[in-house]
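Engineer: Structure: upload-v8.txt, compact mmCIF, C-alpha atoms.
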# COMPACT_ATOMS: atom_id res chain seq x y z
CA MET A 27 121.19 305.71 95.94
CA LYS A 28 119.39 303.15 93.86
CA MET A 29 116.17 303.92 95.72
CA GLN A 30 116.65 307.64 95.14
CA ASN A 31 117.15 307.08 91.40
CA LYS A 32 113.90 305.18 91.33
CA HIS A 33 112.04 308.09 92.90
CA ILE A 34 113.55 310.57 90.47
CA LYS A 35 112.55 308.33 87.59
CA ALA A 36 108.99 307.97 88.87
CA LEU A 37 108.77 311.73 89.30
CA ALA A 38 110.07 312.34 85.75
CA ILE A 39 107.47 309.92 84.36
CA ALA A 40 104.72 311.63 86.38
CA ILE A 41 105.80 315.07 85.12
CA TYR A 42 105.78 313.75 81.57
CA PHE A 43 102.18 312.55 81.84
CA VAL A 44 101.01 315.72 83.57
CA PHE A 45 102.63 317.67 80.74
CA ILE A 46 100.92 315.55 78.07
CA VAL A 47 97.49 315.71 79.69
CA SER A 48 97.66 319.46 80.30
CA SER A 49 98.87 319.98 76.71
CA PHE A 50 95.67 318.35 75.52
CA VAL A 51 93.59 320.44 77.92
CA ILE A 52 95.06 323.80 76.93
CA GLY A 53 95.75 322.80 73.33
CA PHE A 54 99.54 323.12 73.44
CA LYS A 55 100.55 321.74 70.04
CA PRO A 56 104.05 320.32 70.69
CA GLY A 57 102.78 318.52 73.79
CA LYS A 58 99.88 317.07 71.81
CA GLN A 59 102.27 315.88 69.11
CA ILE A 60 104.48 314.16 71.70
CA GLY A 61 101.36 312.56 73.19
CA HIS A 62 100.36 311.28 69.76
CA ASN A 63 103.83 309.85 69.23
CA PHE A 64 103.66 308.11 72.57
CA LEU A 65 100.25 306.61 71.83
CA SER A 66 101.03 305.41 68.34
CA PHE A 67 104.25 303.71 69.42
CA SER A 68 102.61 302.19 72.49
CA ILE A 69 99.88 300.72 70.29
CA GLU A 70 102.46 299.30 67.87
CA MET A 71 104.24 297.60 70.74
CA LEU A 72 101.12 296.35 72.46
CA LYS A 73 100.22 294.61 69.21
CA LEU A 74 103.45 292.62 69.37
CA LEU A 75 104.64 292.23 72.92
CA PRO A 76 101.89 290.01 74.40
CA CYS A 77 102.39 287.46 71.61
CA ALA A 78 106.16 287.66 71.93
CA PHE A 79 106.05 287.07 75.66
CA ILE A 80 103.57 284.20 75.35
CA LEU A 81 105.92 282.51 72.89
CA ILE A 82 108.84 283.12 75.26
CA GLY A 83 106.84 281.55 78.10
CA LEU A 84 106.03 278.51 75.98
CA PHE A 85 109.67 278.25 74.97
CA GLU A 86 110.78 278.24 78.59
CA VAL A 87 108.31 275.52 79.52
CA TRP A 88 108.61 273.21 76.53
CA VAL A 89 112.15 273.47 75.20
CA LYS A 90 114.51 271.31 77.20
CA LYS A 91 117.76 272.74 78.47
CA GLU A 92 119.60 269.74 77.04
CA SER A 93 118.42 270.37 73.52
CA VAL A 94 119.43 274.05 73.59
CA GLU A 95 122.79 273.03 75.05
CA LYS A 96 123.22 270.42 72.36
CA HIS A 97 122.57 272.76 69.44
CA LEU A 98 123.67 276.12 70.83
CA GLY A 99 125.96 275.15 73.68
CA LYS A 100 129.69 275.14 74.26
CA ASP A 101 130.37 272.13 72.08
CA SER A 102 128.02 272.95 69.23
CA GLY A 103 129.72 273.75 65.98
CA ALA A 104 129.26 276.46 63.39
CA ILE A 105 125.82 275.10 62.49
CA GLY A 106 124.63 276.88 65.65
CA TYR A 107 125.04 280.19 63.84
CA VAL A 108 122.70 278.97 61.13
CA TRP A 109 120.10 278.00 63.75
CA VAL A 110 120.17 281.36 65.51
CA ILE A 111 120.04 283.29 62.25
CA LEU A 112 117.01 281.24 61.16
CA LEU A 113 115.41 281.87 64.53
CA ALA A 114 116.16 285.58 64.18
CA GLY A 115 114.59 285.60 60.72
CA THR A 116 111.21 284.88 62.26
CA THR A 117 111.45 287.74 64.77
CA VAL A 118 108.76 290.37 64.50
CA GLY A 119 109.09 293.96 65.72
CA GLY A 120 112.60 294.93 66.62
CA LEU A 121 115.48 294.42 68.95
CA TYR A 122 113.30 295.02 71.96
CA VAL A 123 111.56 291.71 71.27
CA ALA A 124 114.89 289.92 70.89
CA PHE A 125 116.31 290.91 74.29
CA PRO A 126 113.96 288.81 76.43
CA VAL A 127 114.48 285.91 74.02
CA ALA A 128 118.23 286.30 74.52
CA TYR A 129 117.77 285.88 78.24
CA SER A 130 115.70 282.71 77.79
CA LEU A 131 118.33 281.26 75.47
CA PHE A 132 121.03 282.12 77.99
CA LYS A 133 119.10 280.47 80.79
CA LYS A 134 118.77 277.31 78.72
CA GLY A 135 122.52 277.13 78.28
CA ALA A 136 123.17 278.76 74.90
CA ARG A 137 126.63 280.16 74.29
CA LEU A 138 127.06 283.93 74.34
CA SER A 139 128.47 284.14 70.82
CA PHE A 140 125.31 282.45 69.51
CA ILE A 141 123.14 284.78 71.56
CA PHE A 142 124.83 287.93 70.28
CA THR A 143 124.57 286.59 66.74
CA TYR A 144 120.88 286.07 67.38
CA ILE A 145 120.54 289.68 68.58
CA GLY A 146 122.45 291.09 65.61
CA ALA A 147 120.61 288.89 63.14
CA SER A 148 117.22 289.78 64.54
CA ALA A 149 118.10 293.40 63.81
CA ILE A 150 119.09 292.78 60.20
CA CYS A 151 117.69 289.45 58.96
CA ARG A 152 114.02 289.60 59.85
CA VAL A 153 112.34 288.01 56.87
CA PRO A 154 109.14 290.11 56.68
CA MET A 155 111.16 293.31 57.07
CA THR A 156 113.69 292.30 54.41
CA ILE A 157 110.96 291.51 51.91
CA PHE A 158 109.41 294.88 52.59
CA GLU A 159 112.79 296.57 52.30
CA SER A 160 113.61 295.00 48.95
CA SER A 161 110.29 296.09 47.52
CA PHE A 162 111.31 299.72 48.10
CA MET A 163 115.07 299.58 47.72
CA GLY A 164 115.50 296.73 45.25
CA ILE A 165 116.64 293.18 45.85
CA THR A 166 120.31 293.99 45.12
CA PHE A 167 120.35 296.47 47.96
CA SER A 168 118.95 293.95 50.45
CA LEU A 169 121.27 291.20 49.28
CA ILE A 170 124.45 293.27 49.61
CA ARG A 171 123.31 294.47 52.99
CA LEU A 172 122.81 290.89 54.20
CA ILE A 173 125.97 289.48 52.60
CA VAL A 174 128.15 292.18 54.15
CA SER A 175 126.51 292.40 57.55
CA ILE A 176 125.92 288.75 58.50
CA PRO A 177 129.62 287.74 58.55
CA LEU A 178 130.45 290.90 60.49
CA VAL A 179 127.71 290.18 63.01
CA ILE A 180 129.00 286.62 63.49
CA LEU A 181 132.64 287.71 63.82
CA SER A 182 131.89 290.46 66.32
CA SER A 183 129.61 288.13 68.29
CA VAL A 184 132.32 285.47 68.51
CA TRP A 185 134.73 288.09 69.80
CA LEU A 186 132.28 289.63 72.26
CA GLY A 187 131.05 286.21 73.40
CA ASN A 188 134.56 284.92 74.10
CA TYR A 189 135.58 288.14 75.80
CA LEU A 190 132.57 288.02 78.12
CA GLU A 191 132.68 284.27 78.76
CA LYS A 192 136.16 284.66 80.24
CA ARG A 193 134.67 287.22 82.61
CA ASN A 194 131.75 285.07 83.71
CA TYR A 195 129.26 287.48 82.25
CA ARG A 196 125.59 286.78 82.81
CA ILE A 197 122.57 288.08 80.94
CA MET A 198 120.03 289.39 83.44
CA GLU A 199 116.35 288.59 83.74
CA GLY A 200 115.10 292.12 83.12
CA LYS A 201 113.75 293.41 86.40
CA MET B 4 101.95 290.85 61.81
CA TYR B 5 99.08 288.39 61.35
CA TYR B 6 101.34 285.41 61.09
CA LEU B 7 102.54 286.23 64.59
CA TYR B 8 98.98 286.02 65.95
CA PHE B 9 98.42 282.84 64.02
CA ALA B 10 101.67 281.26 65.22
CA THR B 11 101.05 282.28 68.83
CA GLY B 12 97.48 281.01 68.75
CA LEU B 13 98.51 277.73 67.20
CA ALA B 14 101.38 277.25 69.65
CA LEU B 15 99.08 277.97 72.59
CA LEU B 16 96.42 275.61 71.29
CA ILE B 17 98.85 272.74 70.79
CA SER B 18 100.36 273.41 74.19
CA ILE B 19 96.94 273.34 75.88
CA ILE B 20 96.00 270.09 74.16
CA VAL B 21 99.25 268.40 75.18
CA ASP B 22 99.52 269.67 78.74
CA ARG B 23 97.19 272.18 80.37
CA LYS B 24 99.21 272.55 83.52
CA LYS B 25 102.44 273.31 81.69
CA THR B 26 100.65 275.83 79.51
CA LEU B 27 99.35 277.60 82.59
CA THR B 28 102.90 277.78 83.96
CA ALA B 29 104.03 279.21 80.62
CA ILE B 30 101.38 281.91 80.74
CA LYS B 31 102.39 282.79 84.29
CA ILE B 32 106.03 283.09 83.21
CA SER B 33 105.01 285.27 80.25
CA TYR B 34 102.92 287.50 82.44
CA LYS B 35 105.64 287.95 85.04
CA LYS B 36 108.32 288.73 82.48
CA PHE B 37 106.04 291.20 80.72
CA ILE B 38 105.06 293.03 83.90
CA ASN B 39 108.66 293.22 85.08
CA ILE B 40 109.95 294.86 81.94
CA ILE B 41 107.07 297.35 81.52
CA PRO B 42 108.86 300.22 83.38
CA ALA B 43 111.82 299.95 80.99
CA PHE B 44 109.47 299.97 78.01
CA LEU B 45 107.65 302.96 79.40
CA THR B 46 110.92 304.89 79.66
CA MET B 47 111.74 303.91 76.11
CA LEU B 48 108.34 305.01 74.78
CA ILE B 49 108.64 308.37 76.53
CA LEU B 50 112.08 308.93 74.99
CA VAL B 51 110.79 307.86 71.57
CA SER B 52 107.85 310.26 71.73
CA ILE B 53 110.10 313.21 72.63
CA VAL B 54 112.92 312.45 70.19
CA LEU B 55 110.52 311.94 67.29
CA PHE B 56 108.98 315.31 68.04
CA PHE B 57 112.35 317.03 67.70
CA ILE B 58 113.46 314.90 64.76
CA PRO B 59 110.41 314.34 62.54
CA ASP B 60 110.54 312.40 59.24
CA LYS B 61 110.52 315.61 57.29
CA MET B 62 113.67 316.84 58.97
CA ILE B 63 115.41 313.56 58.22
CA SER B 64 114.51 313.70 54.55
CA ASP B 65 115.54 317.38 54.30
CA TYR B 66 118.95 316.70 55.77
CA LEU B 67 119.68 313.53 53.84
CA GLY B 68 118.61 315.02 50.54
CA ASN B 69 120.71 318.17 50.55
CA ASN B 70 124.23 317.19 51.33
CA ASP B 71 127.55 315.90 50.25
CA LYS B 72 127.38 312.09 50.29
CA PHE B 73 129.94 311.58 53.04
CA ILE B 74 128.34 314.15 55.28
CA GLY B 75 125.12 312.42 54.24
CA VAL B 76 126.40 309.07 55.54
CA ILE B 77 127.42 310.63 58.84
CA LEU B 78 124.09 312.43 59.28
CA ALA B 79 122.14 309.36 58.18
CA SER B 80 123.89 307.10 60.65
CA PHE B 81 123.33 309.70 63.36
CA PHE B 82 119.59 309.89 62.63
CA GLY B 83 119.33 306.13 62.30
CA SER B 84 121.02 305.62 65.67
CA ILE B 85 119.00 308.06 67.71
CA THR B 86 115.57 307.40 66.25
CA LEU B 87 113.29 304.41 66.31
CA MET B 88 110.95 303.84 63.44
CA PRO B 89 109.01 300.81 62.32
CA GLY B 90 109.97 299.42 58.91
CA PHE B 91 106.60 300.27 57.41
CA ILE B 92 107.45 303.95 57.86
CA ALA B 93 111.21 303.84 57.29
CA PHE B 94 111.34 301.95 53.99
CA PRO B 95 108.64 303.92 52.17
CA LEU B 96 110.43 307.07 53.34
CA CYS B 97 113.69 305.73 51.91
CA GLY B 98 111.90 304.79 48.70
CA ILE B 99 110.79 308.40 48.30
CA LEU B 100 114.27 309.71 49.06
CA LEU B 101 115.77 307.30 46.56
CA LYS B 102 113.52 308.72 43.83
CA LYS B 103 114.59 312.20 44.90
CA GLY B 104 118.17 311.21 44.14
CA VAL B 105 119.56 310.40 47.57
CA SER B 106 122.29 307.78 47.21
CA TYR B 107 121.90 304.12 48.18
CA MET B 108 124.92 304.55 50.43
CA VAL B 109 123.31 307.28 52.53
CA LEU B 110 120.03 305.41 52.74
CA SER B 111 121.70 302.19 53.82
CA ALA B 112 123.58 304.10 56.54
CA PHE B 113 120.18 305.27 57.74
CA THR B 114 118.30 301.97 57.57
CA THR B 115 121.14 299.82 58.92
CA THR B 116 121.77 302.02 61.96
CA LEU B 117 118.01 302.20 62.43
CA MET B 118 117.88 298.42 62.62
CA MET B 119 121.07 297.71 64.56
CA VAL B 120 121.82 300.66 66.80
CA GLY B 121 119.29 301.41 69.47
CA ILE B 122 120.00 304.44 71.59
CA LEU B 123 116.31 304.71 72.40
CA THR B 124 116.05 301.02 73.24
CA TYR B 125 118.90 301.50 75.74
CA PRO B 126 116.51 301.53 78.77
CA VAL B 127 115.25 298.07 77.77
CA GLU B 128 118.57 296.62 76.61
CA LYS B 129 120.48 297.54 79.75
CA GLU B 130 117.96 295.63 81.89
CA TYR B 131 119.08 292.44 80.16
CA PHE B 132 122.68 293.07 79.12
CA GLY B 133 123.88 295.66 81.61
CA VAL B 134 125.22 299.10 80.79
CA LYS B 135 128.68 298.12 79.62
CA VAL B 136 127.70 295.36 77.21
CA THR B 137 124.85 297.48 75.85
CA ILE B 138 127.30 300.23 74.97
CA ILE B 139 129.84 297.82 73.43
CA ARG B 140 127.16 296.07 71.39
CA ASN B 141 125.79 299.33 70.04
CA ALA B 142 129.26 300.66 69.22
CA ILE B 143 130.09 297.49 67.27
CA SER B 144 126.74 297.68 65.49
CA PHE B 145 127.42 301.27 64.50
CA PHE B 146 130.72 300.31 62.86
CA ILE B 147 129.11 297.37 61.08
CA ALA B 148 126.46 299.73 59.72
CA ILE B 149 129.14 302.11 58.40
CA ILE B 150 130.96 299.24 56.69
CA VAL B 151 127.66 298.09 55.17
CA ALA B 152 126.98 301.61 53.89
CA LEU B 153 130.43 301.91 52.31
CA SER B 154 130.05 298.47 50.70
CA ILE B 155 126.69 299.46 49.27
CA GLY B 156 128.26 302.69 48.02
CA PHE B 157 131.08 300.74 46.42
CA PHE B 158 128.76 298.27 44.75
CA PHE B 159 126.42 300.92 43.36
CA GLY B 160 129.39 302.98 42.15
CA GLU B 161 128.64 305.90 44.44
CA LEU B 162 131.80 305.78 46.48
CA LEU B 163 134.13 307.59 44.08
Represent the structure from my file as structure tokens, please.
Structural biologist:
Amino acid sequence: MKMQNKHIKALAIAIYFVFIVSSFVIGFKPGKQIGHNFLSFSIEMLKLLPCAFILIGLFEVWVKKESVEKHLGKDSGAIGYVWVILLAGTTVGGLYVAFPVAYSLFKKGARLSFIFTYIGASAICRVPMTIFESSFMGITFSLIRLIVSIPLVILSSVWLGNYLEKRNYRIMEGK
Amino acid sequence: MYYLYFATGLALLISIIVDRKKTLTAIKISYKKFINIIPAFLTMLILVSIVLFFIPDKMISDYLGNNDKFIGVILASFFGSITLMPGFIAFPLCGILLKKGVSYMVLSAFTTTLMMVGILTYPVEKEYFGVKVTIIRNAISFFIAIIVALSIGFFFGELL
């Protein structure tokens, strides 16, 4: 079954690229537009992902399991939330960069509630993005957004983390 | 963007100076992780390219600009959830809409779901979190975004 799904997926991807290439050959406008979308987003991601993964690799090699466990482990207090939110603030790109980081944190022994807070915070608290946002929407807008959403992210992460920890949930490596 | 290159370069440099062997291991780990997740990213990029064709920026601004504010919040959170847009496109777009008179509440529903809810990043997220947790996390994020939008509406006096 799993194998079959893989084949269907590969076929769908192949059809997609055949469609894009032939759209460019015959000048089919919608297909060309979709191709442009694909290219521009791929380029955006290729600008970020290699750096992100290099930093993740360095993190895995240099940061000791004990120190992650100490600050973000089972017995770490509320200050852990501050650490993960600060870490999230430096995230570039979007959630898709945060997921592999979440796995590395998990592997090093971080608690799930901290990890989900990190995920949520890297969606909403990225510093460069927030500065950019406030320049268009005003600083009041950004501040209310952060003040309302951060506590909600922490609360829901505590709940989700506890719920999943009881069920021996594991974050996967990303195949 | 540039600070990322700078930080990565600096981190690599320090790492090489301190321990070349460890750095090499790090690069190998990075490479393996990157290669492994490429298929999921490819799926995501294909979805993004198709969805953005059917829901272009112009359509989003047309819909958000011409509606009752509560319908606006619902539509905005819908668009924000199913699209993926870098901040450097989304915020200028919202800035324009704001000048056109679209409420802060509607715009925050759009930007917050855009940031927190990732239907298009689902192919990547499920590789790490699994299907169930991915769905739960996105559902929670959606509700948080709605609460944020209502709070913004309340604060800016748009709610009543």
Engineer: Quick one: residues within 12 Å of (111.9, 274.0, 79.4) (file frame), counting all atoms listed in the file, please, as a ChimeraX atom specification.
Structural biologist: /A:82-95,130-131,133-135 /B:25-26,28-29,32
Engineer: Next, dump the selected residues to file, keeping only C-alpha atoms, as a compact mmCIF listing (two decimals), in the coordinates of the input.
Structural biologist:
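Output (again_15.txt):
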# COMPACT_ATOMS: atom_id res chain seq x y z
CA ILE A 82 108.84 283.12 75.26
CA GLY A 83 106.84 281.55 78.10
CA LEU A 84 106.03 278.51 75.98
CA PHE A 85 109.67 278.25 74.97
CA GLU A 86 110.78 278.24 78.59
CA VAL A 87 108.31 275.52 79.52
CA TRP A 88 108.61 273.21 76.53
CA VAL A 89 112.15 273.47 75.20
CA LYS A 90 114.51 271.31 77.20
CA LYS A 91 117.76 272.74 78.47
CA GLU A 92 119.60 269.74 77.04
CA SER A 93 118.42 270.37 73.52
CA VAL A 94 119.43 274.05 73.59
CA GLU A 95 122.79 273.03 75.05
CA SER A 130 115.70 282.71 77.79
CA LEU A 131 118.33 281.26 75.47
CA LYS A 133 119.10 280.47 80.79
CA LYS A 134 118.77 277.31 78.72
CA GLY A 135 122.52 277.13 78.28
CA LYS B 25 102.44 273.31 81.69
CA THR B 26 100.65 275.83 79.51
CA THR B 28 102.90 277.78 83.96
CA ALA B 29 104.03 279.21 80.62
CA ILE B 32 106.03 283.09 83.21
Engineer: Could you work out which residues of chain B fall inside 7 Å of chain A? Count only C-alpha atoms, and format the result as a PyMOL selection string.
Structural biologist: chain B and resi 8+11+25-26+29-30+32-33+37+39-40+48-49+52-53+56+90+94-95+98+118-119+124+127-128+130-132+147+151+155
Engineer: Report, in Å with one decimal, the straight-line distance from atom CA of Cys97 of chain B to atom CA of Val76 of chain B.
Structural biologist: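 Between atom CA of Cys97 of chain B and atom CA of Val76 of chain B the gap is 13.6 Å.
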Engineer: When you draw a straight line from atom CA of Ser102 of chain A to atom CA of Arg193 of chain A, how long is it in Å?
Structural biologist: 20.7 Å
Engineer: So what do you get for atom CA of Lys32 of chain A versus atom CA of Phe44 of chain B, distance-wise?
Structural biologist: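 Going from atom CA of Lys32 of chain A over to atom CA of Phe44 of chain B covers 15.0 Å.
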Engineer: Show which residues sit within 12 Å of Ile99 of chain B, as a ChimeraX atom specification. Count all atoms listed in the file, and ignore same-chain residues fewer than 5 positions away.
Structural biologist: /A:162-163 /B:60-61,64-65,67-68,92-94,104-107,110
Engineer: As a PyMOL selection string, please: the residues near segment 120-122 of chain B (cut-off 12 Å, only C-alpha atoms, same-chain neighbours under 3 positions excluded).
Structural biologist: (chain A and resi 120-122+125+145-146+149-150) or (chain B and resi 47+50-51+54+80-88+112-117+125-129+134+137-149)
Engineer: Would you mind telling me which residue in A:Val153, A:Leu181, A:Ala136, A:Val127 lies nearest to Gly115 of chain A when using only C-alpha atoms?
Structural biologist: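 Nearest candidate to Gly115 of chain A out of A:Val153, A:Leu181, A:Ala136, A:Val127: A:Val153.
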